[in-house]
Every structure is written in C-alpha cells, then in structure tokens.
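Participant: Hey, dropping work.cif in here, mmCIF, C-alpha atoms and all ligand atoms:
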data_protein
#
loop_
_atom_site.label_atom_id
_atom_site.label_comp_id
_atom_site.auth_asym_id
_atom_site.auth_seq_id
_atom_site.Cartn_x
_atom_site.Cartn_y
_atom_site.Cartn_z
CA MET A 12 0.00 0.00 0.00
CA GLN A 13 1.87 3.09 -1.22
CA ARG A 14 -0.45 5.01 -3.54
CA VAL A 15 -2.69 6.69 -0.98
CA LEU A 16 -5.03 9.61 -1.67
CA MET A 17 -5.74 12.01 1.20
CA THR A 18 -8.74 14.29 0.68
CA GLY A 19 -9.19 17.49 2.68
CA ALA A 20 -5.45 18.13 2.49
CA ALA A 21 -5.85 21.89 3.03
CA GLY A 22 -8.02 21.48 6.16
CA GLY A 23 -7.07 21.36 9.84
CA ILE A 24 -6.50 17.59 10.14
CA GLY A 25 -5.15 17.32 6.59
CA THR A 26 -2.50 19.94 7.29
CA HIS A 27 -1.21 17.90 10.29
CA MET A 28 -1.35 14.61 8.41
CA ARG A 29 0.42 15.75 5.23
CA ARG A 30 3.82 15.75 6.88
CA LEU A 31 3.20 12.58 8.95
CA LEU A 32 1.82 10.33 6.21
CA LYS A 33 4.37 11.18 3.53
CA PRO A 34 7.21 9.14 5.14
CA VAL A 35 4.83 6.17 5.52
CA TYR A 36 3.21 6.24 2.06
CA SER A 37 5.73 7.40 -0.53
CA GLY A 38 3.05 7.66 -3.23
CA LEU A 39 0.85 10.00 -1.16
CA VAL A 40 -1.44 12.15 -3.31
CA LEU A 41 -3.07 15.20 -1.70
CA SER A 42 -6.42 16.49 -2.77
CA ASP A 43 -8.71 19.38 -1.85
CA MET A 44 -10.88 22.03 -3.47
CA LYS A 45 -8.06 24.50 -3.05
CA ARG A 46 -4.31 24.06 -3.16
CA PRO A 47 -2.76 23.84 0.34
CA GLU A 48 -0.40 26.65 1.23
CA ASN A 49 3.31 25.83 1.30
CA LEU A 50 2.98 22.76 -0.90
CA GLY A 51 6.42 21.13 -0.93
CA ALA A 52 8.31 20.11 -4.07
CA ASP A 53 8.03 16.47 -2.93
CA GLU A 54 4.23 16.66 -2.54
CA THR A 55 1.72 15.65 -5.24
CA PHE A 56 -1.53 17.60 -5.37
CA VAL A 57 -4.68 16.98 -7.42
CA GLN A 58 -7.41 19.61 -7.20
CA ALA A 59 -10.85 17.98 -6.76
CA ASP A 60 -14.25 19.22 -5.66
CA LEU A 61 -16.11 16.35 -3.93
CA THR A 62 -19.42 17.50 -5.43
CA LYS A 63 -18.02 16.95 -8.95
CA PRO A 64 -17.82 13.18 -9.66
CA ALA A 65 -15.46 13.59 -12.65
CA GLU A 66 -12.92 15.49 -10.55
CA ILE A 67 -12.88 13.01 -7.68
CA GLU A 68 -12.78 10.08 -10.14
CA ALA A 69 -9.69 11.61 -11.74
CA ALA A 70 -8.06 11.95 -8.30
CA CYS A 71 -8.73 8.25 -7.56
CA LYS A 72 -6.99 6.92 -10.70
CA GLY A 73 -4.27 4.41 -9.75
CA ILE A 74 -4.99 4.82 -6.02
CA GLU A 75 -4.87 1.84 -3.61
CA GLY A 76 -6.09 3.47 -0.40
CA ILE A 77 -7.99 6.64 0.51
CA VAL A 78 -7.94 8.69 3.71
CA HIS A 79 -11.08 10.81 3.47
CA PHE A 80 -10.83 14.00 5.52
CA GLY A 81 -12.61 16.12 2.90
CA GLY A 82 -15.97 17.79 3.42
CA TYR A 83 -17.47 20.17 5.95
CA SER A 84 -15.79 19.74 9.36
CA VAL A 85 -18.23 21.61 11.62
CA GLU A 86 -21.96 22.28 11.76
CA GLY A 87 -23.32 24.01 8.66
CA THR A 88 -26.56 24.75 6.90
CA TRP A 89 -28.43 21.76 5.47
CA GLU A 90 -27.35 22.77 1.97
CA GLN A 91 -23.67 22.95 2.96
CA ILE A 92 -23.79 19.58 4.73
CA LEU A 93 -25.82 17.99 1.93
CA GLN A 94 -23.36 19.02 -0.77
CA ALA A 95 -20.04 18.45 0.97
CA ASN A 96 -20.75 15.57 3.36
CA ILE A 97 -23.65 13.62 1.89
CA ILE A 98 -23.30 14.01 -1.89
CA GLY A 99 -19.53 14.51 -1.61
CA CYS A 100 -19.08 11.37 0.49
CA TYR A 101 -21.20 9.32 -1.92
CA ASN A 102 -19.15 10.60 -4.87
CA LEU A 103 -15.97 9.64 -3.04
CA PHE A 104 -17.06 6.04 -2.35
CA GLU A 105 -18.40 5.67 -5.89
CA ALA A 106 -15.12 6.92 -7.33
CA ALA A 107 -13.24 4.50 -5.05
CA ARG A 108 -15.35 1.58 -6.26
CA LYS A 109 -14.88 2.48 -9.93
CA ALA A 110 -11.11 2.86 -9.49
CA GLY A 111 -10.74 -0.48 -7.66
CA VAL A 112 -9.49 1.15 -4.46
CA LYS A 113 -8.80 -1.51 -1.79
CA ARG A 114 -9.12 0.46 1.45
CA VAL A 115 -10.90 3.63 2.62
CA ILE A 116 -10.54 5.45 5.93
CA PHE A 117 -13.64 7.53 6.63
CA ALA A 118 -13.16 10.43 9.06
CA SER A 119 -16.30 10.11 11.18
CA SER A 120 -16.65 12.13 14.35
CA ASN A 121 -17.51 12.08 18.04
CA HIS A 122 -20.52 14.15 16.92
CA ALA A 123 -22.09 11.00 15.43
CA VAL A 124 -22.73 10.01 19.07
CA GLY A 125 -22.62 13.46 20.71
CA PHE A 126 -25.93 13.20 22.58
CA TYR A 127 -24.63 10.64 25.08
CA PRO A 128 -24.10 12.16 28.52
CA ARG A 129 -20.55 12.71 29.67
CA SER A 130 -21.37 10.45 32.63
CA THR A 131 -21.90 7.47 30.27
CA GLY A 132 -19.15 5.35 28.76
CA ILE A 133 -19.96 4.12 25.25
CA PRO A 134 -18.59 1.28 23.11
CA THR A 135 -18.31 1.39 19.30
CA GLU A 136 -21.52 -0.68 18.92
CA VAL A 137 -23.79 2.03 20.21
CA ILE A 138 -26.99 3.45 18.71
CA PRO A 139 -26.03 6.70 16.94
CA ARG A 140 -27.08 9.92 18.68
CA PRO A 141 -25.86 12.65 16.32
CA ASP A 142 -25.85 16.13 17.82
CA SER A 143 -26.04 18.21 14.61
CA ARG A 144 -26.63 18.03 10.86
CA TYR A 145 -22.87 17.55 10.71
CA GLY A 146 -23.15 14.56 13.09
CA VAL A 147 -25.95 13.09 10.98
CA SER A 148 -23.69 13.31 7.91
CA LYS A 149 -21.07 11.30 9.82
CA VAL A 150 -23.64 8.58 10.63
CA PHE A 151 -24.48 8.58 6.90
CA GLY A 152 -20.80 8.21 5.99
CA GLU A 153 -20.39 5.31 8.43
CA GLY A 154 -23.41 3.60 6.85
CA LEU A 155 -22.12 4.23 3.36
CA GLY A 156 -18.74 2.80 4.37
CA ALA A 157 -20.34 -0.39 5.71
CA MET A 158 -22.38 -0.77 2.51
CA TYR A 159 -19.33 -0.38 0.22
CA ALA A 160 -17.41 -2.81 2.44
CA TYR A 161 -19.97 -5.62 2.42
CA LYS A 162 -21.40 -5.04 -1.08
CA HIS A 163 -18.26 -4.08 -3.01
CA GLY A 164 -15.42 -5.59 -0.97
CA ILE A 165 -13.63 -2.35 -0.12
CA GLY A 166 -12.00 -2.56 3.34
CA VAL A 167 -13.46 0.44 5.18
CA THR A 168 -12.63 1.90 8.57
CA SER A 169 -14.70 4.63 10.21
CA LEU A 170 -12.76 6.66 12.76
CA ARG A 171 -14.94 8.58 15.21
CA ILE A 172 -12.39 11.31 15.68
CA GLY A 173 -12.49 13.31 18.90
CA ASN A 174 -10.41 16.47 18.64
CA LEU A 175 -7.14 16.35 16.76
CA GLY A 176 -4.37 18.72 17.80
CA THR A 177 -0.98 18.97 19.41
CA GLU A 178 -2.68 19.13 22.85
CA PRO A 179 -6.19 19.14 24.41
CA ILE A 180 -7.54 22.69 24.44
CA ASP A 181 -10.17 22.55 27.22
CA GLU A 182 -11.84 20.21 29.72
CA ARG A 183 -14.02 18.43 27.13
CA ARG A 184 -11.04 17.83 24.88
CA LEU A 185 -9.17 16.15 27.79
CA SER A 186 -11.63 13.30 27.19
CA ILE A 187 -11.55 13.23 23.38
CA TRP A 188 -8.10 14.49 22.39
CA LEU A 189 -6.25 12.71 19.57
CA SER A 190 -2.60 13.37 18.84
CA PRO A 191 -1.57 13.47 15.16
CA GLU A 192 0.88 10.62 15.80
CA ASP A 193 -1.88 8.41 17.22
CA LEU A 194 -4.05 9.18 14.20
CA VAL A 195 -1.25 7.80 11.99
CA LYS A 196 -1.43 4.53 13.98
CA LEU A 197 -5.22 4.28 13.42
CA ILE A 198 -4.88 5.04 9.70
CA ARG A 199 -2.18 2.40 9.33
CA ILE A 200 -4.44 -0.24 10.91
CA GLY A 201 -7.25 0.69 8.50
CA LEU A 202 -5.05 0.71 5.41
CA GLU A 203 -2.70 -2.17 6.20
CA LYS A 204 -4.31 -4.75 8.50
CA PRO A 205 -4.97 -7.93 6.48
CA ASP A 206 -8.51 -9.22 5.94
CA LEU A 207 -10.22 -6.09 7.22
CA VAL A 208 -13.84 -5.71 6.05
CA TYR A 209 -15.52 -2.93 8.05
CA GLU A 210 -14.36 -1.51 11.38
CA VAL A 211 -15.28 1.39 13.64
CA MET A 212 -12.78 2.83 16.12
CA TYR A 213 -12.76 5.93 18.30
CA GLY A 214 -10.09 8.35 17.17
CA VAL A 215 -8.78 9.29 20.60
CA SER A 216 -5.44 9.05 22.38
CA ASP A 217 -4.85 7.34 25.72
CA ASN A 218 -6.98 9.78 27.74
CA ALA A 219 -7.65 8.96 31.39
CA ARG A 220 -11.00 10.83 31.15
CA SER A 221 -12.14 9.12 27.95
CA TRP A 222 -15.86 8.41 27.52
CA TYR A 223 -15.17 5.69 25.01
CA ASP A 224 -14.61 1.99 25.38
CA ASN A 225 -12.05 1.64 22.59
CA SER A 226 -11.25 -2.00 23.36
CA HIS A 227 -12.15 -2.95 19.79
CA ALA A 228 -9.36 -0.66 18.55
CA THR A 229 -7.02 -2.27 21.09
CA ALA A 230 -7.97 -5.70 19.72
CA LEU A 231 -7.09 -4.47 16.23
CA GLY A 232 -3.63 -3.46 17.46
CA TYR A 233 -4.06 0.23 18.39
CA ARG A 234 -1.57 1.36 21.04
CA PRO A 235 -1.97 5.13 21.55
CA GLU A 236 0.88 7.03 23.16
CA GLY A 237 -0.61 10.50 23.70
CA LYS A 238 -2.01 11.12 27.18
CA GLY A 239 -4.47 14.00 27.52
CA GLU A 240 -3.82 14.23 31.25
CA ASP A 241 -0.24 15.39 30.59
CA TYR A 242 -1.78 18.72 29.51
CA LYS A 243 -4.37 19.00 32.30
CA GLU A 244 -3.22 22.32 33.83
CA ALA A 245 -3.21 24.25 30.55
CA ALA A 246 -6.52 22.71 29.42
CA MET A 247 -8.26 23.53 32.71
CA ALA A 248 -6.86 27.08 32.68
CA ALA A 249 -8.34 27.54 29.21
CA GLN A 250 -11.60 25.99 30.41
CA ALA A 251 -11.88 28.53 33.24
CA LYS A 252 -12.13 31.31 30.65
CA LEU A 253 -15.07 29.68 28.80
CA THR A 254 -18.74 30.46 29.43
CA ARG A 255 -20.56 27.48 30.93
CA ASP A 256 -23.75 26.12 29.41
CA PRO A 257 -25.86 23.34 30.98
CA VAL A 258 -26.56 21.48 27.72
CA SER A 259 -22.96 21.73 26.45
CA ASP A 260 -21.58 20.68 29.80
CA PHE A 261 -23.88 17.66 30.15
CA TYR A 262 -23.42 16.01 26.77
CA GLN A 263 -20.29 14.60 25.14
CA GLY A 264 -20.81 16.68 21.98
CA GLY A 265 -20.56 19.96 23.91
CA THR A 266 -21.50 23.11 22.00
CA PHE A 267 -22.69 21.06 19.00
CA CYS A 268 -25.50 19.77 21.28
CA ALA A 269 -26.38 23.21 22.63
CA ALA A 270 -26.57 24.92 19.22
CA GLU A 271 -30.20 25.39 18.10
CA TYR A 272 -31.34 23.37 21.16
CA SER A 273 -35.07 23.68 21.85
CA ALA A 274 -35.98 20.66 24.03
CA ASP A 275 -36.81 20.95 27.72
CA PHE A 276 -33.36 20.22 29.12
CA PRO A 277 -34.33 19.10 32.69
CA THR A 278 -36.75 16.55 31.18
CA MET A 279 -34.26 15.32 28.60
CA LYS A 280 -31.54 15.11 31.22
CA SER A 281 -33.72 12.89 33.39
CA ARG A 282 -34.34 10.58 30.40
CA SER A 283 -30.80 10.35 29.11
C1 LIG O 301 -15.25 17.59 15.03
O1 LIG O 301 -15.79 16.63 14.49
C2 LIG O 301 -14.85 18.76 14.24
O2 LIG O 301 -14.41 18.43 12.94
C3 LIG O 301 -13.79 19.59 14.92
O3 LIG O 301 -13.75 20.85 14.29
C4 LIG O 301 -14.06 19.76 16.41
O4 LIG O 301 -15.23 20.50 16.61
C5 LIG O 301 -14.22 18.38 17.05
O5 LIG O 301 -15.19 17.62 16.38
C6 LIG O 301 -14.59 18.47 18.54
O6 LIG O 301 -15.61 17.94 18.94
O7 LIG O 301 -13.82 19.05 19.28
#
Show this structure as structure tokens.
Ligand code: 15L
Facilitator:
Amino acid sequence: MQRVLMTGAAGGIGTHMRRLLKPVYSGLVLSDMKRPENLGADETFVQADLTKPAEIEAACKGIEGIVHFGGYSVEGTWEQILQANIIGCYNLFEAARKAGVKRVIFASSNHAVGFYPRSTGIPTEVIPRPDSRYGVSKVFGEGLGAMYAYKHGIGVTSLRIGNLGTEPIDERRLSIWLSPEDLVKLIRIGLEKPDLVYEVMYGVSDNARSWYDNSHATALGYRPEGKGEDYKEAAMAAQAKLTRDPVSDFYQGGTFCAAEYSADFPTMKSRS
C-alpha cells in the first residue's frame, strides 16, 4: 500500500497529516478544493471538488487506499452539509469503487454520538445519537462505508475522531483528544491490517477521562501514546475562561449539542 489519496489536504487535520503520512506512504497524493499553502516540491496535489464526480474520479486513478478528511468539518446549513458531506461522500465512495481502491478510511466524528451524557461510557456498537446536521452526515458516511465494504469488498474503517491537535484545548477535549501521531497509527491499521472488512474505532489518544470503550481498537492493534492528562493544567486554565452552558456541559458533543437546542433540558436530562 503506497499510492494513498488524502482528501481534505488543506483542512485542519489534513495539514497535520500531510507531513506525517508522507514518510509512511511514498506515493501519497493530496487532494482538496483549493491548493494547500506551502505545498512542498516532494508533494503531489490533485485539485478535486467532492461534489463533482469527474474530478474526484480523476483523483482516484491508480490509487490503492484513501484517507477521506474532505468535506465540511463543523456544523453548517443543510445545503452545505448535503453538498459536501452527503453528496460529496457518496461521490468519493463511488469513485473509489470504480477505481478499484482496496481500502478507505472515513473520518467520522464524536458528533455521530454526541448526545450521550458525559457520565456514560460508550462502546463502538452504540446506537447513533448525532448532535447536529454535521453529526448526521457522519452517521451517513459510516453507513455508506459499511455498505461499500460488504457489497463491493472495499476494506473500510470509520474513525470517530475526537479532537485532533498537538494538545487538548479545554476540559471536554481532555476526554476526546487525539494526537496526530496516534491518528497515523489508526490510519495504518485501517489501510494495512490484512482481511479487514468494516471496522469502527474511536479516534482518541490514551486519555484517562475518555468516555469511550475503545477496546475494539485495542484488539485491532491500536496502542496510543498521547495522554491528555499530561496537559491537564493548561486545558483547565483555558476551560476557566469559557462560558458554561448546561446542555454543552452535560453532553459529550458539547456546543454542538447546545446549538439550536429547543428541548426541555431538565426533562431530557432525566431521560438520558
Ligand atoms: C469535530 O468533528 C470537528 O471536525 C472539529 O472541528 C471539532 O469541533 C471536534 O469535532 C470536537 O468535537 O472538538
């Protein structure tokens, strides 16, 4: 596995992963709607808009594995989510099938299950509780991935990514932080582990406050090294400056849950 396409190369996660995946996959091809800044002479870039099937099909030519970070990475209007994350994700899997791609990593999100309370630990086999249109699009992508795996034989891995960065930035992120180096480990399992059909793993580091039972990832060989708790003081200092909100603070998805919220929170809390 050398010819790997990474979509969303100009985005937040893509920018971190460009430099880390290149030494692992020498044939790495970067793709996005716009050219990333500071593209190196050793980097290959193919411009592709996910809503245009011909462009994404061209980017998939000769590709063995795809790491799909492309699309809308936060909550958006229905039209934005529909185009980038629903239609765009479908176009990506269709292009992968047509090109004979063997493996796909789908960047799902903690927001696919954001409406679980922070007091509840959840395994990967949990009923989805998306906290936003964005979260719903991630549930859709996971479903699409499973369908392409079982119907078309593409090995697909959905990573429910927490928050990727060099360190956790507040109290919530102490539970869901993912270091870029640990994301490389998860991607390598998805692209390289023999006989893989369809897997779901939480994209989090070794966080003492984690809400996720990631034992399935452990069984697949995941050994994270980042520890959120190493950054506790700075994260809690940043947290002290944030405005508190009862809905955000109660649910795992944080502000994504509180945005546009119109239920009766005390009632919902008692039924969660
Ligand atoms: C995500 O899924 C988003 O892509 C990212 O921007 C963060 O909001 C992250 O979740 C998070 O929950 O911190």
Participant: How would you write, as a PDB file with C-alpha atoms, in the frame of the given file, the set of residues no farther than 8 Å from ligand LIG 301 (chain O) when counting only C-alpha atoms and all ligand atoms?
Facilitator:
ATOM      1  CA  TYR A  83     -17.470  20.170   5.950  1.00  0.00           C
ATOM      2  CA  SER A  84     -15.790  19.740   9.360  1.00  0.00           C
ATOM      3  CA  VAL A  85     -18.230  21.610  11.620  1.00  0.00           C
ATOM      4  CA  SER A 119     -16.300  10.110  11.180  1.00  0.00           C
ATOM      5  CA  SER A 120     -16.650  12.130  14.350  1.00  0.00           C
ATOM      6  CA  ASN A 121     -17.510  12.080  18.040  1.00  0.00           C
ATOM      7  CA  HIS A 122     -20.520  14.150  16.920  1.00  0.00           C
ATOM      8  CA  GLY A 146     -23.150  14.560  13.090  1.00  0.00           C
ATOM      9  CA  ILE A 172     -12.390  11.310  15.680  1.00  0.00           C
ATOM     10  CA  GLY A 173     -12.490  13.310  18.900  1.00  0.00           C
ATOM     11  CA  ASN A 174     -10.410  16.470  18.640  1.00  0.00           C
ATOM     12  CA  LEU A 175      -7.140  16.350  16.760  1.00  0.00           C
ATOM     13  CA  ARG A 183     -14.020  18.430  27.130  1.00  0.00           C
ATOM     14  CA  ARG A 184     -11.040  17.830  24.880  1.00  0.00           C
ATOM     15  CA  ILE A 187     -11.550  13.230  23.380  1.00  0.00           C
ATOM     16  CA  TRP A 188      -8.100  14.490  22.390  1.00  0.00           C
ATOM     17  CA  GLY A 264     -20.810  16.680  21.980  1.00  0.00           C
ATOM     18  CA  GLY A 265     -20.560  19.960  23.910  1.00  0.00           C
ATOM     19  CA  PHE A 267     -22.690  21.060  19.000  1.00  0.00           C
TER      20      PHE A 267
END
Participant: Mind running region 181-276 of chain A against region 149-159 of chain A at 9 Å and telling me each contacting residue's nearest atom pair with the distance in Å (one decimal), counting only C-alpha atoms, chain and number ascending, as a tab-separated table?
Facilitator:
residue	atom	partner	partner_atom	distance
A:Val208	CA	A:Ala157	CA	8.4
A:Tyr209	CA	A:Ala157	CA	5.9
A:Glu210	CA	A:Ala157	CA	8.3
A:Val211	CA	A:Glu153	CA	8.3
Participant: What residues have an atom no more than 6 Å from (-12.1, 1.1, 11.9) in the file's own frame, counting only C-alpha atoms, and can you write them as an mmCIF file with C-alpha atoms, in the coordinates of the input?
Facilitator:
data_model
loop_
_atom_site.group_PDB
_atom_site.id
_atom_site.type_symbol
_atom_site.label_atom_id
_atom_site.label_comp_id
_atom_site.auth_asym_id
_atom_site.auth_seq_id
_atom_site.Cartn_x
_atom_site.Cartn_y
_atom_site.Cartn_z
ATOM 1 C CA THR A 168 -12.630 1.900 8.570
ATOM 2 C CA SER A 169 -14.700 4.630 10.210
ATOM 3 C CA LEU A 170 -12.760 6.660 12.760
ATOM 4 C CA GLY A 201 -7.250 0.690 8.500
ATOM 5 C CA GLU A 210 -14.360 -1.510 11.380
ATOM 6 C CA VAL A 211 -15.280 1.390 13.640
ATOM 7 C CA MET A 212 -12.780 2.830 16.120
#
Participant: Could you give me, as a list in words, the residues within 7 Å of Phe80 (chain A), counting only C-alpha atoms and dropping anything in the same chain fewer than 6 positions from it?
Facilitator: Met17, Thr18, Gly19, Gly25 and Ala118 of chain A
Participant: Restricting the calculation to only C-alpha atoms: of A:Met12, A:Ala21, A:Ile98, A:Ala59, which residue gets closest to Leu39 (chain A)?
Facilitator: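 Among A:Met12, A:Ala21, A:Ile98, A:Ala59, it is A:Met12 that comes nearest to Leu39 (chain A).
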Participant: Please determine, counting all atoms listed in the file, which residue among A:Lys238, A:Arg140, A:Arg46, A:Arg220 has the shortest atom-to-atom distance to Ala123 (chain A).
Facilitator: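 That would be A:Arg140, the residue with the smallest distance to Ala123 (chain A).
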